[in-house]
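Quick notes on the structure that follows.
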Amino acid sequence: MTASRLEHDFLGERAIPEQAYYGIQTLRALENFNITGIPIKAEPLFVQALAYVKKAAAMANRDLGVLDPTLAEFIMQACDRVISGELDGEFLTDMIQGGAGTSVNMNANEVIANVALELMGKPKGQYEFCHPNNHINCSQSTNDAYPTAFRIALINKLVGYSQTLGELADAFAAKGDEFRDVLKMGRTQLQDAVPMSMGDEFRAFATNLREELLRIADSRGLISEINMGATAIGTRVNAPAGYAELVTEHLRTVTGLDLSLAGDLIEATYDTGAYVQLSGVLKRTAVKLSKICNDLRLLSSGPRCGINEINLPALQPGSSIMPGKVNPVVPEVVNQTAFYVIGADLTVTMAAEAGQLQLNVMEPVISFALFTSISYMTNACRTLREKCVLGITANKEHAENLVRNSIGIVTQLNPVLGYETSAEIAKEALRTGKSVHDIAVTERQLLTQAKWDEIFTFENLIRPGFIQ
């Protein structure tokens with residue numbers, strides 16, 4: 001039989017596995033919330049952030065004389081062990097739960113208390129020496145500790161995401177340089193429009209994604225405002241004077257982040273606007289990324305019966321019945337990731353709207369939606385870069401032939417021949433299958449070959465000058 005210890009709360013007494021650092025309230029959460037099957041240990045940055053919060057709180061409480069300095073030192077050492085990742089396996093509560101994050105906060109309080117007891121040479125559960133509520137949660141509430149830790153974790157998680165997104169943008173820019181001499185047909189409404197450089201097309205993908213890095217930076221700024229010291233509803237109940245300001249300073253030191261204390265703690269305790277903003281940014285990037293993947297699928301379509309201007313890396317057989325078929329599987333999986341993130345944004349929106357009065361109790365599902373969205377987008381950007389973009393090649397000759405044989409090039413003749421004449425040429429070319437060149441130069445002799453050559457140079461096709 002597994003050794004156990006008895007712990008109690010105001011609901012009663014329960015047996016806890018002796019080797020566990022978590023306690024009775026964590027056990028109750030494990031029994032009550034079996035929703036996603038994903039524990040908070042799956043987000044190690046969140047676990048780390050919880051320990052940052054508890055360490056800064058211990059430091060502030062020590063400085064203000066409400067926590068014994070020796071006990072505070074043991075708590076800080078215990079927090080450092082959690083920060084290192086050594087105890088991630090003890091953070092088992094489900095990512096989605098009732099109670100506005102109380103179970104997560106108590107999971108952290110219990111683990112840190114029992115680690116501190118062990119450092120003191122005391123048995124786990126001897127809470128008279130170091131108590132999860134009285135000491136680890138001193139001057140705190142779930143309602144300021146949980147969102148502060150959540151925001152710290154989000155800031156740190158966005159660092160990796162921004163780096164990966166930037167690397168993807170750089171990969172598109174590099175392809176833009178590689179394809180700068182590839183002439184191709186630009187398209188609007190899936191119809192031939194006017195010529196362009198494939199290099200410009202890929203550089204535009206890079207620009208499109210780099211815009212999102214600025215929006216992420218803006219969102220990080222909003223998330224950097226915390227309500228630590230607000231305690232239950234923002235009135236600072238049970239916190240000593242000056243605690244909110246001091247704990248924020250300690251948090252800035254231990255995390256290395258530019259955190260700031262909210263000016264109105266009552267508003268900050270229930271407001272989730274920063275999460276809505278960040279979720280919207282993630283959705284915006286997902287929409288852009290999905291559009292780019294749609295373009296890659298179209299440009300590589302066929303190969304023989306489609307556009308076939310580019311080749312995507314062949315990663316796996318594409319059919320269980322059609323031999324030789326290769327599908328654009330990476331753009332497809334990125335599309336699907338984008339759909340998830342777009343849906344998660346609605347979850348964040350509804351959860352933010354559902355908060356009543358002085359607290360939004362739906363923050364756990366907001367955290368789940370944002371954490372998973374950032375993780376999935378990071379993975380999608382990395383996969384798209386490594387498995388697709390870096391290996392794209394151009395079918396240069398085929399792309400140029402599509403341009404030369406297109407009716408779309410007739411647009412270049414508008415300044416010379418006028419819209420009506422150019423439209424007649426286009427109509428005849430469409431009806432007969434003849435080239436625009438043969439109709440305009442050879443048959444109708446509306447312009448000389450020299451003039452045609454002047455208009456239809458590579459440089460003038462991709463960066464048109466006004467020629468009459």
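By order in the structure tokens, chains are A, B, ...; within a chain, residues start at 1; ligands start at 1, following the order shown.
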
Segment 87-190 of chain A residues near segment 204-223 of chain A within 9 Å, closest pair each, using only C-alpha atoms, as a Markdown table:
```
| residue | atom | partner | partner_atom | distance |
| --- | --- | --- | --- | --- |
| A:Arg151 | CA | A:Ile223 | CA | 5.8 |
| A:Ile152 | CA | A:Ile223 | CA | 8.1 |
| A:Leu154 | CA | A:Ile223 | CA | 7.9 |
| A:Ile155 | CA | A:Arg220 | CA | 5.9 |
| A:Leu158 | CA | A:Ile216 | CA | 7.6 |
| A:Ser162 | CA | A:Leu213 | CA | 6.3 |
| A:Gln163 | CA | A:Leu213 | CA | 8.9 |
| A:Leu165 | CA | A:Leu209 | CA | 7.4 |
| A:Gly166 | CA | A:Arg210 | CA | 6.6 |
| A:Leu168 | CA | A:Ala206 | CA | 7.8 |
| A:Ala169 | CA | A:Ala206 | CA | 4.3 |
| A:Asp170 | CA | A:Ala206 | CA | 6.5 |
| A:Ala171 | CA | A:Ala206 | CA | 7.7 |
| A:Phe172 | CA | A:Ala206 | CA | 5.2 |
| A:Ala173 | CA | A:Ala206 | CA | 5.3 |
| A:Ala174 | CA | A:Ala206 | CA | 9.0 |
| A:Gly176 | CA | A:Ala204 | CA | 8.3 |
```

Tell me, as a VMD selection string, which residues lie within 9 Å of segment 95-104 of chain A, counting only C-alpha atoms; anything in the same chain fewer than 5 positions away does not count.
-> chain A and resid 25 to 26 28 to 29 32 to 40 42 50 109 141 to 143 146 to 147 359 to 368

Requested write-out: N, CA and C atoms of the selected residues, as a PDB file, in the first residue's frame:
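This went into result-v7.pdb:
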```
ATOM      1  N   GLN A  25      -6.090  20.566  -1.285  1.00  0.00           N
ATOM      2  CA  GLN A  25      -6.889  21.342  -2.239  1.00  0.00           C
ATOM      3  C   GLN A  25      -6.541  20.982  -3.684  1.00  0.00           C
ATOM      4  N   THR A  26      -5.290  20.641  -3.925  1.00  0.00           N
ATOM      5  CA  THR A  26      -4.919  20.140  -5.249  1.00  0.00           C
ATOM      6  C   THR A  26      -5.620  18.818  -5.516  1.00  0.00           C
ATOM      7  N   ARG A  28      -8.475  17.760  -4.338  1.00  0.00           N
ATOM      8  CA  ARG A  28      -9.888  18.013  -4.646  1.00  0.00           C
ATOM      9  C   ARG A  28     -10.050  18.514  -6.080  1.00  0.00           C
ATOM     10  N   ALA A  29      -9.131  19.341  -6.541  1.00  0.00           N
ATOM     11  CA  ALA A  29      -9.202  19.824  -7.920  1.00  0.00           C
ATOM     12  C   ALA A  29      -9.027  18.685  -8.912  1.00  0.00           C
ATOM     13  N   ASN A  32     -12.294  16.962  -9.147  1.00  0.00           N
ATOM     14  CA  ASN A  32     -13.443  17.745  -9.617  1.00  0.00           C
ATOM     15  C   ASN A  32     -13.343  18.198 -11.067  1.00  0.00           C
ATOM     16  N   PHE A  33     -12.121  18.409 -11.566  1.00  0.00           N
ATOM     17  CA  PHE A  33     -11.969  19.040 -12.879  1.00  0.00           C
ATOM     18  C   PHE A  33     -11.220  18.123 -13.844  1.00  0.00           C
ATOM     19  N   ASN A  34     -11.946  17.228 -14.458  1.00  0.00           N
ATOM     20  CA  ASN A  34     -11.372  16.387 -15.506  1.00  0.00           C
ATOM     21  C   ASN A  34     -11.964  16.842 -16.843  1.00  0.00           C
ATOM     22  N   ILE A  35     -11.421  17.924 -17.361  1.00  0.00           N
ATOM     23  CA  ILE A  35     -12.005  18.577 -18.541  1.00  0.00           C
ATOM     24  C   ILE A  35     -11.123  18.378 -19.777  1.00  0.00           C
ATOM     25  N   THR A  36      -9.952  18.952 -19.767  1.00  0.00           N
ATOM     26  CA  THR A  36      -9.089  18.870 -20.960  1.00  0.00           C
ATOM     27  C   THR A  36      -8.126  17.686 -20.899  1.00  0.00           C
ATOM     28  N   GLY A  37      -7.841  17.219 -19.698  1.00  0.00           N
ATOM     29  CA  GLY A  37      -6.797  16.213 -19.550  1.00  0.00           C
ATOM     30  C   GLY A  37      -5.405  16.812 -19.669  1.00  0.00           C
ATOM     31  N   ILE A  38      -5.338  18.138 -19.757  1.00  0.00           N
ATOM     32  CA  ILE A  38      -4.057  18.844 -19.869  1.00  0.00           C
ATOM     33  C   ILE A  38      -3.788  19.568 -18.557  1.00  0.00           C
ATOM     34  N   PRO A  39      -2.800  19.134 -17.790  1.00  0.00           N
ATOM     35  CA  PRO A  39      -2.494  19.799 -16.519  1.00  0.00           C
ATOM     36  C   PRO A  39      -1.656  21.049 -16.737  1.00  0.00           C
ATOM     37  N   ILE A  40      -1.601  21.895 -15.716  1.00  0.00           N
ATOM     38  CA  ILE A  40      -0.855  23.143 -15.877  1.00  0.00           C
ATOM     39  C   ILE A  40       0.636  22.894 -16.044  1.00  0.00           C
ATOM     40  N   ALA A  42       1.858  21.299 -18.255  1.00  0.00           N
ATOM     41  CA  ALA A  42       2.081  21.358 -19.701  1.00  0.00           C
ATOM     42  C   ALA A  42       2.508  22.754 -20.135  1.00  0.00           C
ATOM     43  N   LEU A  50       4.169  31.303 -11.529  1.00  0.00           N
ATOM     44  CA  LEU A  50       3.537  31.183 -10.209  1.00  0.00           C
ATOM     45  C   LEU A  50       4.591  31.261  -9.110  1.00  0.00           C
ATOM     46  N   ASN A 109       0.716  27.051  -3.859  1.00  0.00           N
ATOM     47  CA  ASN A 109       0.921  27.292  -2.424  1.00  0.00           C
ATOM     48  C   ASN A 109       1.322  26.012  -1.697  1.00  0.00           C
ATOM     49  N   SER A 141      -4.345  37.053  -2.847  1.00  0.00           N
ATOM     50  CA  SER A 141      -5.573  36.329  -3.186  1.00  0.00           C
ATOM     51  C   SER A 141      -5.315  35.644  -4.518  1.00  0.00           C
ATOM     52  N   THR A 142      -6.079  34.610  -4.797  1.00  0.00           N
ATOM     53  CA  THR A 142      -6.021  34.043  -6.148  1.00  0.00           C
ATOM     54  C   THR A 142      -6.267  35.127  -7.184  1.00  0.00           C
ATOM     55  N   ASN A 143      -7.081  36.122  -6.800  1.00  0.00           N
ATOM     56  CA  ASN A 143      -7.546  37.110  -7.766  1.00  0.00           C
ATOM     57  C   ASN A 143      -6.483  38.124  -8.190  1.00  0.00           C
ATOM     58  N   TYR A 146      -3.041  34.782  -9.423  1.00  0.00           N
ATOM     59  CA  TYR A 146      -3.244  34.011 -10.657  1.00  0.00           C
ATOM     60  C   TYR A 146      -3.078  34.887 -11.904  1.00  0.00           C
ATOM     61  N   PRO A 147      -3.787  36.014 -12.016  1.00  0.00           N
ATOM     62  CA  PRO A 147      -3.622  36.806 -13.247  1.00  0.00           C
ATOM     63  C   PRO A 147      -2.227  37.390 -13.404  1.00  0.00           C
ATOM     64  N   LEU A 359     -14.946  40.510 -10.468  1.00  0.00           N
ATOM     65  CA  LEU A 359     -13.988  39.476 -10.857  1.00  0.00           C
ATOM     66  C   LEU A 359     -14.484  38.748 -12.095  1.00  0.00           C
ATOM     67  N   ASN A 360     -13.567  38.430 -12.977  1.00  0.00           N
ATOM     68  CA  ASN A 360     -13.903  37.557 -14.093  1.00  0.00           C
ATOM     69  C   ASN A 360     -13.447  36.142 -13.737  1.00  0.00           C
ATOM     70  N   VAL A 361     -14.418  35.268 -13.464  1.00  0.00           N
ATOM     71  CA  VAL A 361     -14.091  33.908 -13.020  1.00  0.00           C
ATOM     72  C   VAL A 361     -13.719  32.998 -14.179  1.00  0.00           C
ATOM     73  N   MET A 362     -13.817  33.504 -15.417  1.00  0.00           N
ATOM     74  CA  MET A 362     -13.570  32.676 -16.591  1.00  0.00           C
ATOM     75  C   MET A 362     -12.111  32.722 -17.060  1.00  0.00           C
ATOM     76  N   GLU A 363     -11.237  33.280 -16.241  1.00  0.00           N
ATOM     77  CA  GLU A 363      -9.850  33.435 -16.668  1.00  0.00           C
ATOM     78  C   GLU A 363      -9.147  32.108 -16.973  1.00  0.00           C
ATOM     79  N   PRO A 364      -9.479  30.994 -16.292  1.00  0.00           N
ATOM     80  CA  PRO A 364      -8.818  29.739 -16.667  1.00  0.00           C
ATOM     81  C   PRO A 364      -9.014  29.348 -18.129  1.00  0.00           C
ATOM     82  N   VAL A 365     -10.220  29.522 -18.670  1.00  0.00           N
ATOM     83  CA  VAL A 365     -10.406  29.157 -20.077  1.00  0.00           C
ATOM     84  C   VAL A 365      -9.720  30.171 -20.994  1.00  0.00           C
ATOM     85  N   ILE A 366      -9.624  31.415 -20.533  1.00  0.00           N
ATOM     86  CA  ILE A 366      -8.856  32.404 -21.296  1.00  0.00           C
ATOM     87  C   ILE A 366      -7.391  31.982 -21.351  1.00  0.00           C
ATOM     88  N   SER A 367      -6.863  31.542 -20.213  1.00  0.00           N
ATOM     89  CA  SER A 367      -5.464  31.114 -20.191  1.00  0.00           C
ATOM     90  C   SER A 367      -5.257  29.897 -21.083  1.00  0.00           C
ATOM     91  N   PHE A 368      -6.184  28.957 -21.040  1.00  0.00           N
ATOM     92  CA  PHE A 368      -6.066  27.772 -21.889  1.00  0.00           C
ATOM     93  C   PHE A 368      -6.082  28.168 -23.362  1.00  0.00           C
TER      94      PHE A 368
END
```

From a DSSP pass on the backbone, collect the residues of segment 320-418 of chain A flagged as strand (DSSP E or B) and hand them back as a ChimeraX atom specification.
-> /A:356,359,393-394

Work out how far atom CA of Ile307 of chain A is from atom CA of Asp453 of chain A, in Å to one decimal.
->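 Between atom CA of Asp453 of chain A and atom CA of Ile307 of chain A the gap works out to 26.1 Å.
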
Find the residue from A:Asn105, A:Ser290, A:Thr272, A:Ser375 that sits nearest to Gln140 of chain A; use only C-alpha atoms when measuring.
->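 Ranked by minimum distance to Gln140 of chain A, first place goes to A:Asn105.
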
For Gly160 of chain A, which of A:Thr421, A:Asn379, A:Asn327, A:Asn114 is the closest residue, counting only C-alpha atoms?
->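 Of all the options, A:Asn379 lies closest to Gly160 of chain A.
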
Check the smallest atom-to-atom distance from each of A:Asp9, A:Glu43, A:Asp68, A:Glu225 to Ala268 of chain A using only C-alpha atoms, then report the winner.
->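 Using only C-alpha atoms, Ala268 of chain A sits closest to A:Glu225.
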
Find the residues of segment 58-109 of chain A that sit at most 10 Å from segment 129-134 of chain A; for each, write down the nearest two atoms and how far apart they are in Å, to one decimal. Count only C-alpha atoms. Sort by chain, then by number going up, and give it as a tab-separated table.
```
residue	atom	partner	partner_atom	distance
A:Leu67	CA	A:Asn134	CA	9.6
A:Leu71	CA	A:Cys130	CA	7.6
A:Ala72	CA	A:Cys130	CA	9.7
A:Phe74	CA	A:Cys130	CA	9.3
A:Ile75	CA	A:Cys130	CA	8.5
A:Asn105	CA	A:Pro132	CA	9.8
A:Met106	CA	A:Pro132	CA	7.3
A:Asn107	CA	A:Pro132	CA	9.1
A:Ala108	CA	A:Pro132	CA	8.5
A:Asn109	CA	A:Pro132	CA	4.7
```

When you look at Leu402 of chain A with a cut-off of 10 Å (counting only C-alpha atoms), what residues show up, excluding the ones that are within fewer than 6 positions of it in the same chain? I need them as a PDB file with N, CA and C atoms, in the first residue's frame.
```
ATOM      1  N   LEU A 183       9.727  36.032 -63.617  1.00  0.00           N
ATOM      2  CA  LEU A 183       8.541  36.755 -64.083  1.00  0.00           C
ATOM      3  C   LEU A 183       7.327  35.856 -63.952  1.00  0.00           C
ATOM      4  N   LYS A 184       6.239  36.399 -63.457  1.00  0.00           N
ATOM      5  CA  LYS A 184       5.014  35.609 -63.304  1.00  0.00           C
ATOM      6  C   LYS A 184       3.801  36.518 -63.470  1.00  0.00           C
ATOM      7  N   MET A 185       2.642  35.884 -63.581  1.00  0.00           N
ATOM      8  CA  MET A 185       1.413  36.636 -63.725  1.00  0.00           C
ATOM      9  C   MET A 185       0.795  36.899 -62.353  1.00  0.00           C
ATOM     10  N   ASP A 192      -6.258  36.209 -64.366  1.00  0.00           N
ATOM     11  CA  ASP A 192      -5.024  36.884 -64.750  1.00  0.00           C
ATOM     12  C   ASP A 192      -5.200  38.396 -64.621  1.00  0.00           C
ATOM     13  N   PRO A 195       1.493  41.379 -64.927  1.00  0.00           N
ATOM     14  CA  PRO A 195       2.722  40.677 -64.547  1.00  0.00           C
ATOM     15  C   PRO A 195       3.369  41.264 -63.295  1.00  0.00           C
ATOM     16  N   ILE A 307      -1.724  25.758 -61.701  1.00  0.00           N
ATOM     17  CA  ILE A 307      -0.874  26.926 -61.936  1.00  0.00           C
ATOM     18  C   ILE A 307       0.591  26.519 -62.050  1.00  0.00           C
ATOM     19  N   GLU A 309       3.417  27.253 -60.684  1.00  0.00           N
ATOM     20  CA  GLU A 309       4.514  28.223 -60.748  1.00  0.00           C
ATOM     21  C   GLU A 309       5.616  27.905 -59.742  1.00  0.00           C
ATOM     22  N   GLY A 408      -3.676  39.022 -70.016  1.00  0.00           N
ATOM     23  CA  GLY A 408      -3.503  40.069 -69.018  1.00  0.00           C
ATOM     24  C   GLY A 408      -2.481  41.119 -69.385  1.00  0.00           C
TER      25      GLY A 408
END
```

Pick from A:Ser406, A:Thr337, A:Asn61, A:Asn395: nearest to Glu245 of chain A, with only C-alpha atoms counted?
->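 Nearest to Glu245 of chain A: A:Asn61.
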
Step one, run DSSP on the backbone; step two, keep only residues of segment 219-446 of chain A assigned to helix (DSSP H, G or I); then write them as JSON, numbers by chain.
-> {"A": [219, 220, 221, 222, 223, 243, 244, 245, 246, 247, 248, 249, 250, 251, 252, 253, 254, 255, 265, 266, 267, 268, 269, 270, 273, 274, 275, 276, 277, 278, 279, 280, 281, 282, 283, 284, 285, 286, 287, 288, 289, 290, 291, 292, 293, 294, 295, 296, 297, 298, 299, 329, 330, 331, 332, 333, 334, 335, 336, 337, 338, 339, 340, 341, 342, 343, 344, 345, 346, 347, 348, 349, 350, 351, 352, 353, 363, 364, 365, 366, 367, 368, 369, 370, 371, 372, 373, 374, 375, 376, 377, 378, 379, 380, 381, 382, 383, 384, 385, 386, 387, 389, 390, 391, 396, 397, 398, 399, 400, 401, 402, 403, 404, 407, 408, 409, 410, 411, 412, 413, 414, 415, 416, 417, 419, 420, 421, 422, 423, 424, 425, 426, 427, 428, 429, 430, 431, 432, 436, 437, 438, 439, 440, 441, 442, 443]}

Can you work out the spacing between atom CA of Lys434 of chain A and atom CA of Val182 of chain A in Å, to one decimal?
->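 Distance reported for this atom pair: 24.2 Å.
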
Of the listed residues A:Cys305, A:Cys381, A:Ala286, A:Leu278, that which approaches Val330 of chain A most closely, counting only C-alpha atoms =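 Smallest distance to Val330 of chain A is found for A:Cys381.
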
Within 12 Å of segment 295-299 of chain A, counting only C-alpha atoms, which residues show up once you throw out same-chain ones fewer than 5 positions away? Write them as a ChimeraX atom specification, please.
-> /A:172,184-188,190,198,201-202,205,288-290,304-313,326-335,384,388-389,392-395,398-399

What would the file look like if the residues just selected were written as a short mmCIF file (atom, residue, chain, number, x, y, z; two decimals), in the first residue's frame with N, CA and C atoms?
```cif
data_model
loop_
_atom_site.label_atom_id
_atom_site.label_comp_id
_atom_site.auth_asym_id
_atom_site.auth_seq_id
_atom_site.Cartn_x
_atom_site.Cartn_y
_atom_site.Cartn_z
N PHE A 172 10.67 33.89 -45.92
CA PHE A 172 9.95 34.39 -47.09
C PHE A 172 10.75 35.49 -47.79
N LYS A 184 6.24 36.40 -63.46
CA LYS A 184 5.01 35.61 -63.30
C LYS A 184 3.80 36.52 -63.47
N MET A 185 2.64 35.88 -63.58
CA MET A 185 1.41 36.64 -63.72
C MET A 185 0.80 36.90 -62.35
N GLY A 186 0.51 38.16 -62.06
CA GLY A 186 -0.26 38.49 -60.88
C GLY A 186 -1.74 38.21 -61.14
N ARG A 187 -2.47 37.89 -60.10
CA ARG A 187 -3.87 37.50 -60.29
C ARG A 187 -4.75 38.20 -59.27
N THR A 188 -5.93 38.63 -59.73
CA THR A 188 -6.96 39.14 -58.84
C THR A 188 -8.24 38.38 -59.14
N LEU A 190 -8.77 35.38 -58.78
CA LEU A 190 -8.35 34.13 -59.41
C LEU A 190 -8.26 34.23 -60.93
N MET A 198 8.03 37.18 -59.06
CA MET A 198 7.76 36.25 -57.97
C MET A 198 8.51 36.67 -56.71
N GLU A 201 6.38 39.01 -54.83
CA GLU A 201 5.28 38.28 -54.21
C GLU A 201 5.71 37.69 -52.87
N PHE A 202 6.90 37.07 -52.84
CA PHE A 202 7.38 36.45 -51.62
C PHE A 202 7.86 37.49 -50.61
N PHE A 205 4.90 38.58 -48.70
CA PHE A 205 4.56 37.65 -47.61
C PHE A 205 5.35 38.01 -46.35
N LYS A 288 -3.80 35.91 -41.59
CA LYS A 288 -2.77 36.22 -42.59
C LYS A 288 -2.00 34.97 -43.00
N LEU A 289 -1.63 34.18 -42.00
CA LEU A 289 -0.85 32.98 -42.27
C LEU A 289 -1.66 31.99 -43.11
N SER A 290 -2.94 31.88 -42.82
CA SER A 290 -3.79 30.97 -43.58
C SER A 290 -3.95 31.45 -45.02
N ARG A 304 0.58 19.47 -63.35
CA ARG A 304 0.46 19.71 -64.79
C ARG A 304 -0.85 20.37 -65.18
N CYS A 305 -1.85 20.25 -64.35
CA CYS A 305 -3.16 20.80 -64.71
C CYS A 305 -3.55 21.97 -63.83
N GLY A 306 -2.57 22.56 -63.16
CA GLY A 306 -2.85 23.70 -62.31
C GLY A 306 -1.94 24.86 -62.66
N ILE A 307 -1.72 25.76 -61.70
CA ILE A 307 -0.87 26.93 -61.94
C ILE A 307 0.59 26.52 -62.05
N ASN A 308 1.05 25.71 -61.08
CA ASN A 308 2.38 25.10 -61.17
C ASN A 308 3.52 26.10 -61.32
N GLU A 309 3.42 27.25 -60.68
CA GLU A 309 4.51 28.22 -60.75
C GLU A 309 5.62 27.91 -59.74
N ILE A 310 5.25 27.24 -58.64
CA ILE A 310 6.25 26.87 -57.65
C ILE A 310 6.11 25.40 -57.29
N ASN A 311 7.16 24.85 -56.72
CA ASN A 311 7.15 23.48 -56.22
C ASN A 311 7.34 23.50 -54.71
N LEU A 312 6.45 22.84 -53.98
CA LEU A 312 6.62 22.67 -52.55
C LEU A 312 7.37 21.37 -52.29
N PRO A 313 8.12 21.28 -51.21
CA PRO A 313 8.83 20.04 -50.91
C PRO A 313 7.86 18.86 -50.83
N VAL A 326 1.08 13.94 -54.68
CA VAL A 326 1.73 14.56 -53.54
C VAL A 326 0.93 15.81 -53.16
N ASN A 327 0.55 15.89 -51.90
CA ASN A 327 -0.31 16.99 -51.46
C ASN A 327 0.48 18.06 -50.70
N PRO A 328 -0.05 19.29 -50.67
CA PRO A 328 0.60 20.38 -49.92
C PRO A 328 0.26 20.27 -48.43
N VAL A 329 0.78 19.23 -47.78
CA VAL A 329 0.32 18.89 -46.43
C VAL A 329 0.70 19.93 -45.38
N VAL A 330 1.84 20.60 -45.55
CA VAL A 330 2.23 21.58 -44.54
C VAL A 330 1.34 22.83 -44.60
N PRO A 331 1.12 23.43 -45.77
CA PRO A 331 0.14 24.53 -45.80
C PRO A 331 -1.23 24.11 -45.28
N GLU A 332 -1.63 22.87 -45.55
CA GLU A 332 -2.93 22.40 -45.06
C GLU A 332 -2.97 22.34 -43.54
N VAL A 333 -1.90 21.87 -42.91
CA VAL A 333 -1.92 21.76 -41.45
C VAL A 333 -1.85 23.15 -40.82
N VAL A 334 -1.16 24.08 -41.48
CA VAL A 334 -1.13 25.45 -40.97
C VAL A 334 -2.50 26.10 -41.11
N ASN A 335 -3.19 25.85 -42.21
CA ASN A 335 -4.57 26.32 -42.34
C ASN A 335 -5.42 25.86 -41.16
N LEU A 384 6.03 25.45 -41.00
CA LEU A 384 5.91 26.04 -42.33
C LEU A 384 7.28 26.46 -42.85
N CYS A 388 8.51 23.60 -45.42
CA CYS A 388 7.92 24.07 -46.67
C CYS A 388 8.71 25.22 -47.30
N VAL A 389 8.73 26.38 -46.64
CA VAL A 389 9.24 27.59 -47.28
C VAL A 389 10.69 27.45 -47.72
N ILE A 392 11.02 25.60 -51.11
CA ILE A 392 10.24 25.99 -52.30
C ILE A 392 11.17 26.34 -53.46
N THR A 393 10.84 25.85 -54.62
CA THR A 393 11.57 26.21 -55.84
C THR A 393 10.59 26.80 -56.85
N ALA A 394 11.13 27.56 -57.79
CA ALA A 394 10.30 28.24 -58.80
C ALA A 394 10.42 27.52 -60.15
N ASN A 395 9.32 27.41 -60.84
CA ASN A 395 9.31 26.92 -62.22
C ASN A 395 9.39 28.15 -63.13
N HIS A 398 8.21 28.07 -66.97
CA HIS A 398 6.77 27.89 -67.07
C HIS A 398 6.03 29.16 -66.65
N ALA A 399 6.48 29.78 -65.54
CA ALA A 399 5.83 31.00 -65.06
C ALA A 399 5.91 32.12 -66.09
#
```

Which one is closest to Leu370 of chain A: A:Ala314, A:Ala274, A:Val416, A:Val403? Count only C-alpha atoms.
->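 Of A:Ala314, A:Ala274, A:Val416, A:Val403, the one nearest Leu370 of chain A is A:Ala274, counting only C-alpha atoms.
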
Name the residues in contact with Ala440 of chain A at a cut-off of 12 Å, using only C-alpha atoms, excluding same-chain residues fewer than 5 positions from it; report them as JSON, numbers by chain.
-> {"A": [407, 409, 410, 413, 416, 417, 421, 422, 423, 424, 425, 426, 428, 429, 434, 435, 445, 446, 447, 448, 449, 451, 452]}

Residues from the last selection, C-alpha atoms, saved as an mmCIF file, in the first residue's frame:
```cif
data_model
loop_
_atom_site.group_PDB
_atom_site.id
_atom_site.type_symbol
_atom_site.label_atom_id
_atom_site.label_comp_id
_atom_site.auth_asym_id
_atom_site.auth_seq_id
_atom_site.Cartn_x
_atom_site.Cartn_y
_atom_site.Cartn_z
ATOM 1 C CA ILE A 407 -4.271 38.142 -72.206
ATOM 2 C CA ILE A 409 -0.494 41.756 -70.577
ATOM 3 C CA VAL A 410 -2.840 43.784 -72.756
ATOM 4 C CA LEU A 413 -1.034 48.725 -73.886
ATOM 5 C CA VAL A 416 -0.448 53.511 -75.992
ATOM 6 C CA LEU A 417 -3.602 52.222 -77.682
ATOM 7 C CA THR A 421 -8.713 49.213 -78.576
ATOM 8 C CA SER A 422 -6.946 47.182 -75.884
ATOM 9 C CA ALA A 423 -10.283 45.644 -74.909
ATOM 10 C CA GLU A 424 -10.958 44.643 -78.525
ATOM 11 C CA ILE A 425 -7.543 42.954 -78.705
ATOM 12 C CA ALA A 426 -8.254 41.092 -75.469
ATOM 13 C CA GLU A 428 -10.195 38.654 -79.999
ATOM 14 C CA ALA A 429 -7.350 36.902 -78.182
ATOM 15 C CA LYS A 434 -4.142 34.084 -80.649
ATOM 16 C CA SER A 435 -1.505 35.959 -78.653
ATOM 17 C CA GLN A 445 0.107 46.628 -86.847
ATOM 18 C CA LEU A 446 -1.087 48.967 -84.100
ATOM 19 C CA LEU A 447 2.464 49.344 -82.778
ATOM 20 C CA THR A 448 5.932 48.411 -83.947
ATOM 21 C CA GLN A 449 8.003 45.513 -82.702
ATOM 22 C CA LYS A 451 7.643 49.675 -79.256
ATOM 23 C CA TRP A 452 6.437 46.253 -78.109
#
```

Could you name the residues that touch Val82 of chain A at 9 Å or less, counting only C-alpha atoms, but leaving out those on the same chain fewer than 6 positions away, as a list in words?
->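 Returned residues: Val47, Gln48, Leu50, Ala51, Tyr52, Asp88, Val111 and Ile112 of chain A.
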
What would the file look like if the residues just selected were written as a compact mmCIF listing (two decimals), in the first residue's frame with C-alpha atoms?
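Output file selection_39.txt is given in full below:
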```
# COMPACT_ATOMS: atom_id res chain seq x y z
CA VAL A 47 4.43 27.10 -13.32
CA GLN A 48 7.59 29.19 -13.31
CA LEU A 50 3.54 31.18 -10.21
CA ALA A 51 6.80 30.64 -8.34
CA TYR A 52 8.03 34.11 -9.35
CA ASP A 88 6.83 20.79 -12.74
CA VAL A 111 3.90 22.58 -3.38
CA ILE A 112 6.01 25.54 -2.27
```
